$ cat model.tsv   # TSV, C-alpha atoms
chain	number	residue	atom	x	y	z
V	158	ALA	CA	120.73	161.39	125.40
V	159	GLN	CA	120.37	157.66	125.76
V	160	SER	CA	117.43	156.48	127.81
V	161	VAL	CA	115.42	153.40	128.61
V	162	ALA	CA	111.90	153.59	129.99
V	163	GLN	CA	109.98	150.98	131.90
V	164	PRO	CA	106.69	152.79	132.42
V	165	GLU	CA	105.33	150.44	135.06
V	166	ASP	CA	106.95	150.28	138.48
V	167	GLN	CA	104.89	147.18	139.24
V	168	VAL	CA	102.90	144.61	137.31
V	169	ASN	CA	100.42	142.31	139.03
V	170	VAL	CA	99.17	139.18	137.34
V	171	ALA	CA	97.44	135.99	138.41
V	172	GLU	CA	99.25	132.70	138.02
V	173	GLY	CA	98.45	131.08	134.69
V	174	ASN	CA	97.63	134.36	133.00
V	175	PRO	CA	99.84	135.94	130.35
V	176	LEU	CA	102.17	138.72	131.41
V	177	THR	CA	103.76	141.67	129.67
V	178	VAL	CA	106.47	143.94	131.04
V	179	LYS	CA	106.97	147.01	128.89
V	180	CYS	CA	110.18	148.66	127.72
V	181	THR	CA	110.84	151.49	125.31
V	182	TYR	CA	114.14	153.10	124.51
V	183	SER	CA	115.73	156.10	122.91
V	184	VAL	CA	119.31	155.50	121.86
V	185	SER	CA	121.42	156.19	118.83
V	186	GLY	CA	122.21	153.58	116.25
V	187	ASN	CA	121.01	150.00	116.35
V	188	PRO	CA	121.48	148.85	119.90
V	189	TYR	CA	121.46	145.35	121.24
V	190	LEU	CA	118.54	144.80	123.62
V	191	PHE	CA	118.46	142.69	126.76
V	192	TRP	CA	116.24	141.65	129.61
V	193	TYR	CA	117.61	140.77	133.03
V	194	VAL	CA	115.86	139.46	136.13
V	195	GLN	CA	116.83	140.08	139.73
V	196	TYR	CA	115.64	137.89	142.58
V	197	PRO	CA	115.89	139.19	146.16
V	198	ASN	CA	119.47	139.59	147.40
V	199	ARG	CA	120.84	138.35	144.11
V	200	GLY	CA	122.63	139.90	141.17
V	201	LEU	CA	121.05	140.31	137.78
V	202	GLN	CA	120.54	137.22	135.68
V	203	PHE	CA	120.38	137.24	131.91
V	204	LEU	CA	117.00	136.31	130.41
V	205	LEU	CA	117.23	137.01	126.72
V	206	LYS	CA	118.64	139.33	124.09
V	207	TYR	CA	117.91	140.70	120.66
V	208	ILE	CA	120.82	141.26	118.31
V	209	THR	CA	119.34	140.95	114.85
V	210	GLY	CA	116.95	138.80	112.87
V	211	ASP	CA	113.53	137.57	114.01
V	212	ASN	CA	111.72	140.19	116.03
V	213	LEU	CA	110.48	137.61	118.53
V	214	VAL	CA	113.23	136.20	120.69
V	215	LYS	CA	112.91	133.40	123.18
V	216	GLY	CA	114.84	133.16	126.39
V	217	SER	CA	115.13	131.44	129.72
V	218	TYR	CA	112.21	130.19	131.86
V	219	GLY	CA	109.69	130.46	129.02
V	220	PHE	CA	110.07	134.20	128.56
V	221	GLU	CA	110.09	135.87	125.19
V	222	ALA	CA	110.36	139.43	123.97
V	223	GLU	CA	109.19	141.25	120.90
V	224	PHE	CA	111.34	143.86	119.23
V	225	ASN	CA	109.47	146.65	117.44
V	226	LYS	CA	111.81	148.98	115.63
V	227	SER	CA	109.22	151.58	114.64
V	228	GLN	CA	108.01	151.89	118.23
V	229	THR	CA	111.49	151.41	119.69
V	230	SER	CA	110.04	148.91	122.11
V	231	PHE	CA	111.19	145.58	123.48
V	232	HIS	CA	108.39	144.21	125.65
V	233	LEU	CA	108.91	141.10	127.74
V	234	LYS	CA	106.19	138.48	127.63
V	235	LYS	CA	105.26	135.08	128.96
V	236	PRO	CA	102.14	133.12	127.97
V	237	SER	CA	101.47	131.68	131.42
V	238	ALA	CA	102.91	133.28	134.56
V	239	LEU	CA	104.22	131.33	137.53
V	240	VAL	CA	104.42	132.49	141.14
V	241	SER	CA	108.16	131.84	140.92
V	242	ASP	CA	108.41	134.50	138.19
V	243	SER	CA	107.88	137.17	140.85
V	244	ALA	CA	111.01	139.31	140.74
V	245	LEU	CA	112.43	142.59	139.53
V	246	TYR	CA	112.91	142.86	135.77
V	247	PHE	CA	115.28	145.21	134.01
V	248	CYS	CA	115.36	146.15	130.36
V	249	ALA	CA	118.77	147.17	129.05
V	250	VAL	CA	120.11	148.53	125.80
V	251	LEU	CA	123.67	148.37	124.55
V	252	PRO	CA	124.34	150.91	121.82
V	253	PHE	CA	128.11	150.59	122.07
V	254	ASN	CA	130.06	149.27	125.03
V	255	LYS	CA	128.03	150.47	127.97
V	256	PHE	CA	124.63	149.31	129.10
V	257	TYR	CA	121.76	151.66	129.80
V	258	PHE	CA	119.19	150.18	132.14
V	259	GLY	CA	115.57	150.93	132.75
V	260	SER	CA	114.44	151.64	136.28
V	261	GLY	CA	113.05	148.16	136.72
V	262	THR	CA	109.57	146.66	136.97
V	263	LYS	CA	108.51	144.57	139.91
V	264	LEU	CA	106.46	141.61	138.77
V	265	ASN	CA	104.05	140.11	141.29
V	266	VAL	CA	102.43	136.82	140.32
V	267	LYS	CA	99.67	135.79	142.71
V	268	PRO	CA	98.44	132.22	143.16
Q	47	GLY	CA	136.04	131.18	138.13
Q	48	ALA	CA	132.55	130.06	137.23
Q	49	GLY	CA	130.96	133.44	137.87
Q	50	VAL	CA	131.61	136.99	138.98
Q	51	SER	CA	132.51	137.02	142.65
Q	52	GLN	CA	132.04	140.03	144.90
Q	53	SER	CA	133.15	140.53	148.46
Q	54	PRO	CA	132.05	141.26	151.03
Q	55	SER	CA	128.39	140.44	150.42
Q	56	ASN	CA	127.37	142.84	153.15
Q	57	LYS	CA	129.22	145.77	154.69
Q	58	VAL	CA	128.10	148.07	157.46
Q	59	THR	CA	130.33	151.05	158.06
Q	60	GLU	CA	130.26	154.24	160.04
Q	61	LYS	CA	129.82	157.55	158.29
Q	62	GLY	CA	133.19	159.02	157.42
Q	63	LYS	CA	135.04	155.71	157.17
Q	64	ASP	CA	136.61	154.42	153.96
Q	65	VAL	CA	135.45	151.14	152.40
Q	66	GLU	CA	136.82	148.84	149.72
Q	67	LEU	CA	134.64	146.57	147.64
Q	68	ARG	CA	136.16	143.77	145.63
Q	69	CYS	CA	135.18	142.15	142.35
Q	70	ASP	CA	136.64	139.02	140.78
Q	71	PRO	CA	135.44	138.82	137.18
Q	72	ILE	CA	135.09	135.71	135.09
Q	73	SER	CA	138.45	134.54	133.87
Q	74	GLY	CA	139.12	135.80	130.36
Q	75	HIS	CA	136.57	138.60	130.48
Q	76	THR	CA	138.30	141.75	129.35
Q	77	ALA	CA	135.55	144.21	130.32
Q	78	LEU	CA	134.53	145.00	133.88
Q	79	TYR	CA	131.80	147.33	135.08
Q	80	TRP	CA	130.62	148.74	138.38
Q	81	TYR	CA	127.01	149.77	138.89
Q	82	ARG	CA	125.15	151.05	141.91
Q	83	GLN	CA	121.59	150.12	142.78
Q	84	SER	CA	119.96	152.28	145.40
Q	85	LEU	CA	116.78	151.18	147.17
Q	86	GLY	CA	113.89	151.31	144.74
Q	87	GLN	CA	116.07	152.67	141.99
Q	88	GLY	CA	117.45	151.35	138.75
Q	89	LEU	CA	121.07	150.71	138.02
Q	90	GLU	CA	123.45	153.64	137.96
Q	91	PHE	CA	126.62	153.24	135.92
Q	92	LEU	CA	129.79	154.05	137.84
Q	93	ILE	CA	132.89	152.97	135.93
Q	94	TYR	CA	133.97	150.71	133.07
Q	95	PHE	CA	137.31	149.00	132.42
Q	96	GLN	CA	138.20	147.50	129.05
Q	97	GLY	CA	141.51	145.73	128.70
Q	98	ASN	CA	144.44	148.11	129.01
Q	99	SER	CA	142.49	151.15	127.90
Q	100	ALA	CA	141.90	154.12	130.17
Q	101	PRO	CA	138.75	153.46	132.23
Q	102	ASP	CA	135.50	155.28	131.59
Q	103	LYS	CA	134.95	157.04	134.91
Q	104	SER	CA	132.07	159.18	133.73
Q	105	GLY	CA	129.59	157.68	136.18
Q	106	LEU	CA	131.51	158.17	139.41
Q	107	PRO	CA	129.32	160.48	141.53
Q	108	SER	CA	132.11	162.32	143.35
Q	109	ASP	CA	135.85	162.33	143.89
Q	110	ARG	CA	135.31	160.19	147.00
Q	111	PHE	CA	134.77	157.28	144.62
Q	112	SER	CA	137.63	155.57	142.82
Q	113	ALA	CA	138.30	152.19	141.29
Q	114	GLU	CA	141.22	150.27	139.99
Q	115	ARG	CA	141.73	147.04	138.15
Q	116	THR	CA	145.00	145.25	138.69
Q	117	GLY	CA	146.50	142.98	136.10
Q	118	GLY	CA	143.38	143.14	133.99
Q	119	SER	CA	141.51	140.99	136.47
Q	120	VAL	CA	140.43	141.86	140.02
Q	121	SER	CA	138.89	145.27	140.61
Q	122	THR	CA	138.51	147.28	143.80
Q	123	LEU	CA	135.98	150.07	144.24
Q	124	THR	CA	136.97	152.45	147.02
Q	125	ILE	CA	134.66	154.93	148.68
Q	126	GLN	CA	136.36	157.45	150.93
Q	127	ARG	CA	134.68	159.30	153.79
Q	128	THR	CA	131.44	157.41	153.30
Q	129	GLN	CA	128.13	159.22	153.55
Q	130	GLN	CA	124.67	157.83	154.27
Q	131	GLU	CA	123.63	158.45	150.68
Q	132	ASP	CA	126.31	155.98	149.62
Q	133	SER	CA	124.19	153.17	151.05
Q	134	ALA	CA	123.26	150.93	148.15
Q	135	VAL	CA	123.99	147.63	146.50
Q	136	TYR	CA	127.15	147.81	144.42
Q	137	LEU	CA	127.09	145.43	141.49
Q	138	CYS	CA	130.03	144.32	139.43
Q	139	ALA	CA	129.72	142.75	135.99
Q	140	SER	CA	132.14	141.44	133.43
Q	141	SER	CA	131.93	140.54	129.78
Q	142	LEU	CA	133.93	139.38	126.83
Q	143	ALA	CA	135.07	142.02	124.39
Q	144	SER	CA	132.13	141.37	122.09
Q	145	ARG	CA	129.06	143.29	123.14
Q	146	GLU	CA	126.80	140.51	121.92
Q	147	ASP	CA	127.54	138.53	125.03
Q	148	GLY	CA	126.07	141.01	127.43
Q	149	TYR	CA	127.17	141.11	131.02
Q	150	THR	CA	127.47	138.54	133.77
Q	151	PHE	CA	126.70	140.10	137.11
Q	152	GLY	CA	127.97	139.30	140.56
Q	153	SER	CA	125.59	139.09	143.50
Q	154	GLY	CA	126.60	142.50	144.71
Q	155	THR	CA	127.83	144.09	147.92
Q	156	ARG	CA	125.16	145.65	150.10
Q	157	LEU	CA	126.72	148.71	151.72
Q	158	THR	CA	125.03	150.34	154.68
Q	159	VAL	CA	126.45	153.56	156.08
Q	160	VAL	CA	125.26	154.32	159.60

$ encode --input "model.tsv" --output "structure tokens"
Amino acid sequence: AQSVAQPEDQVNVAEGNPLTVKCTYSVSGNPYLFWYVQYPNRGLQFLLKYITGDNLVKGSYGFEAEFNKSQTSFHLKKPSALVSDSALYFCAVLPFNKFYFGSGTKLNVKP
Amino acid sequence: GAGVSQSPSNKVTEKGKDVELRCDPISGHTALYWYRQSLGQGLEFLIYFQGNSAPDKSGLPSDRFSAERTGGSVSTLTIQRTQQEDSAVYLCASSLASREDGYTFGSGTRLTVV
């Protein structure tokens, strides 16, 4: 069965510190990997994606993610967190034509 | 249009009533998806339309749920005889045929069944 795991319901980090939001997956084939962010009362917004090539991909708002095939992980990172980064983050995998989403991780960045 | 448009943004309905939720995808996007996001939960796949192919209805939770897509564009999600457990945010997304493009999501319809 296809599954995506975000092991942390919530991540707390101080502004200016680096952040990591974890994602691991178990799907067949070579899926495309995505991160989305959801601000309160809004839909999901695309952050970044991995299709092929360099394992480190860069996306919107200074975020980046590292693909690790052997660990089937796709962790989201940012070198220096901002209070405005506080939101709900979803990892998603696309093995074929339907997304599978993680349960989401709430990121709290404190001043 | 510029983005995926959903209406209404909020809907409060009485238990047992029927509701219709509307999604206007991005022009030219051949794929359309409905997801449900319950409070504190992740996204639950409901249904997927691709072009003129038969929809993938595998995520619909019961026969009270149905969806259609007219003319390959606008989609309506209908929930009959609503129950309190139907309360959630219903998200619509569309995409081009190529899976590399990912989805573009609408802002969702927040449904509250009282």

$ closest_residue --input "model.tsv" --among "Q:Gln130, Q:Ser99, Q:Tyr79, Q:Ala143" --to "Gly62 in chain Q" --atoms "all atoms listed in the file"
Q:Gln130

$ interface_residues --input "model.tsv" --of "chain Q" --to "chain V" --cutoff "10 Å" --atoms "all atoms listed in the file" --output "MDAnalysis selection string"
chainID Q and resid 50 55 77 79 83 86:91 93:94 96 102 135:139 143:156

$ write_last_selection --input "model.tsv" --atoms "C-alpha atoms" --output "mmCIF file, in the coordinates of the input"
data_model
loop_
_atom_site.group_PDB
_atom_site.id
_atom_site.type_symbol
_atom_site.label_atom_id
_atom_site.label_comp_id
_atom_site.auth_asym_id
_atom_site.auth_seq_id
_atom_site.Cartn_x
_atom_site.Cartn_y
_atom_site.Cartn_z
ATOM 1 C CA VAL Q 50 131.610 136.990 138.980
ATOM 2 C CA SER Q 55 128.390 140.440 150.420
ATOM 3 C CA ALA Q 77 135.550 144.210 130.320
ATOM 4 C CA TYR Q 79 131.800 147.330 135.080
ATOM 5 C CA GLN Q 83 121.590 150.120 142.780
ATOM 6 C CA GLY Q 86 113.890 151.310 144.740
ATOM 7 C CA GLN Q 87 116.070 152.670 141.990
ATOM 8 C CA GLY Q 88 117.450 151.350 138.750
ATOM 9 C CA LEU Q 89 121.070 150.710 138.020
ATOM 10 C CA GLU Q 90 123.450 153.640 137.960
ATOM 11 C CA PHE Q 91 126.620 153.240 135.920
ATOM 12 C CA ILE Q 93 132.890 152.970 135.930
ATOM 13 C CA TYR Q 94 133.970 150.710 133.070
ATOM 14 C CA GLN Q 96 138.200 147.500 129.050
ATOM 15 C CA ASP Q 102 135.500 155.280 131.590
ATOM 16 C CA VAL Q 135 123.990 147.630 146.500
ATOM 17 C CA TYR Q 136 127.150 147.810 144.420
ATOM 18 C CA LEU Q 137 127.090 145.430 141.490
ATOM 19 C CA CYS Q 138 130.030 144.320 139.430
ATOM 20 C CA ALA Q 139 129.720 142.750 135.990
ATOM 21 C CA ALA Q 143 135.070 142.020 124.390
ATOM 22 C CA SER Q 144 132.130 141.370 122.090
ATOM 23 C CA ARG Q 145 129.060 143.290 123.140
ATOM 24 C CA GLU Q 146 126.800 140.510 121.920
ATOM 25 C CA ASP Q 147 127.540 138.530 125.030
ATOM 26 C CA GLY Q 148 126.070 141.010 127.430
ATOM 27 C CA TYR Q 149 127.170 141.110 131.020
ATOM 28 C CA THR Q 150 127.470 138.540 133.770
ATOM 29 C CA PHE Q 151 126.700 140.100 137.110
ATOM 30 C CA GLY Q 152 127.970 139.300 140.560
ATOM 31 C CA SER Q 153 125.590 139.090 143.500
ATOM 32 C CA GLY Q 154 126.600 142.500 144.710
ATOM 33 C CA THR Q 155 127.830 144.090 147.920
ATOM 34 C CA ARG Q 156 125.160 145.650 150.100
#

$ closest_residue --input "model.tsv" --among "V:Phe224, V:Phe231, V:Tyr218, V:Tyr196" --to "Val161 in chain V" --atoms "only C-alpha atoms"
V:Phe231

$ atom_distance --input "model.tsv" --atom1 "CA of Asn212 in chain V" --atom2 "CA of Ser140 in chain Q"
26.9 Å

$ residues_near_point --input "model.tsv" --point "(108.4, 141.7, 132.6)" --cutoff "6 Å" --atoms "only C-alpha atoms" --output "list in words"
Thr177, Val178, Leu233 and Tyr246 of chain V

$ residues_near_point --input "model.tsv" --point "(143.0, 144.1, 141.9)" --cutoff "12 Å" --atoms "only C-alpha atoms" --output "PyMOL selection string"
chain Q and resi 66-71+78+113-124

$ closest_residue --input "model.tsv" --among "Q:Ser73, Q:Ser133, Q:Arg127, Q:Leu142" --to "Lys61 in chain Q" --atoms "all atoms listed in the file"
Q:Arg127
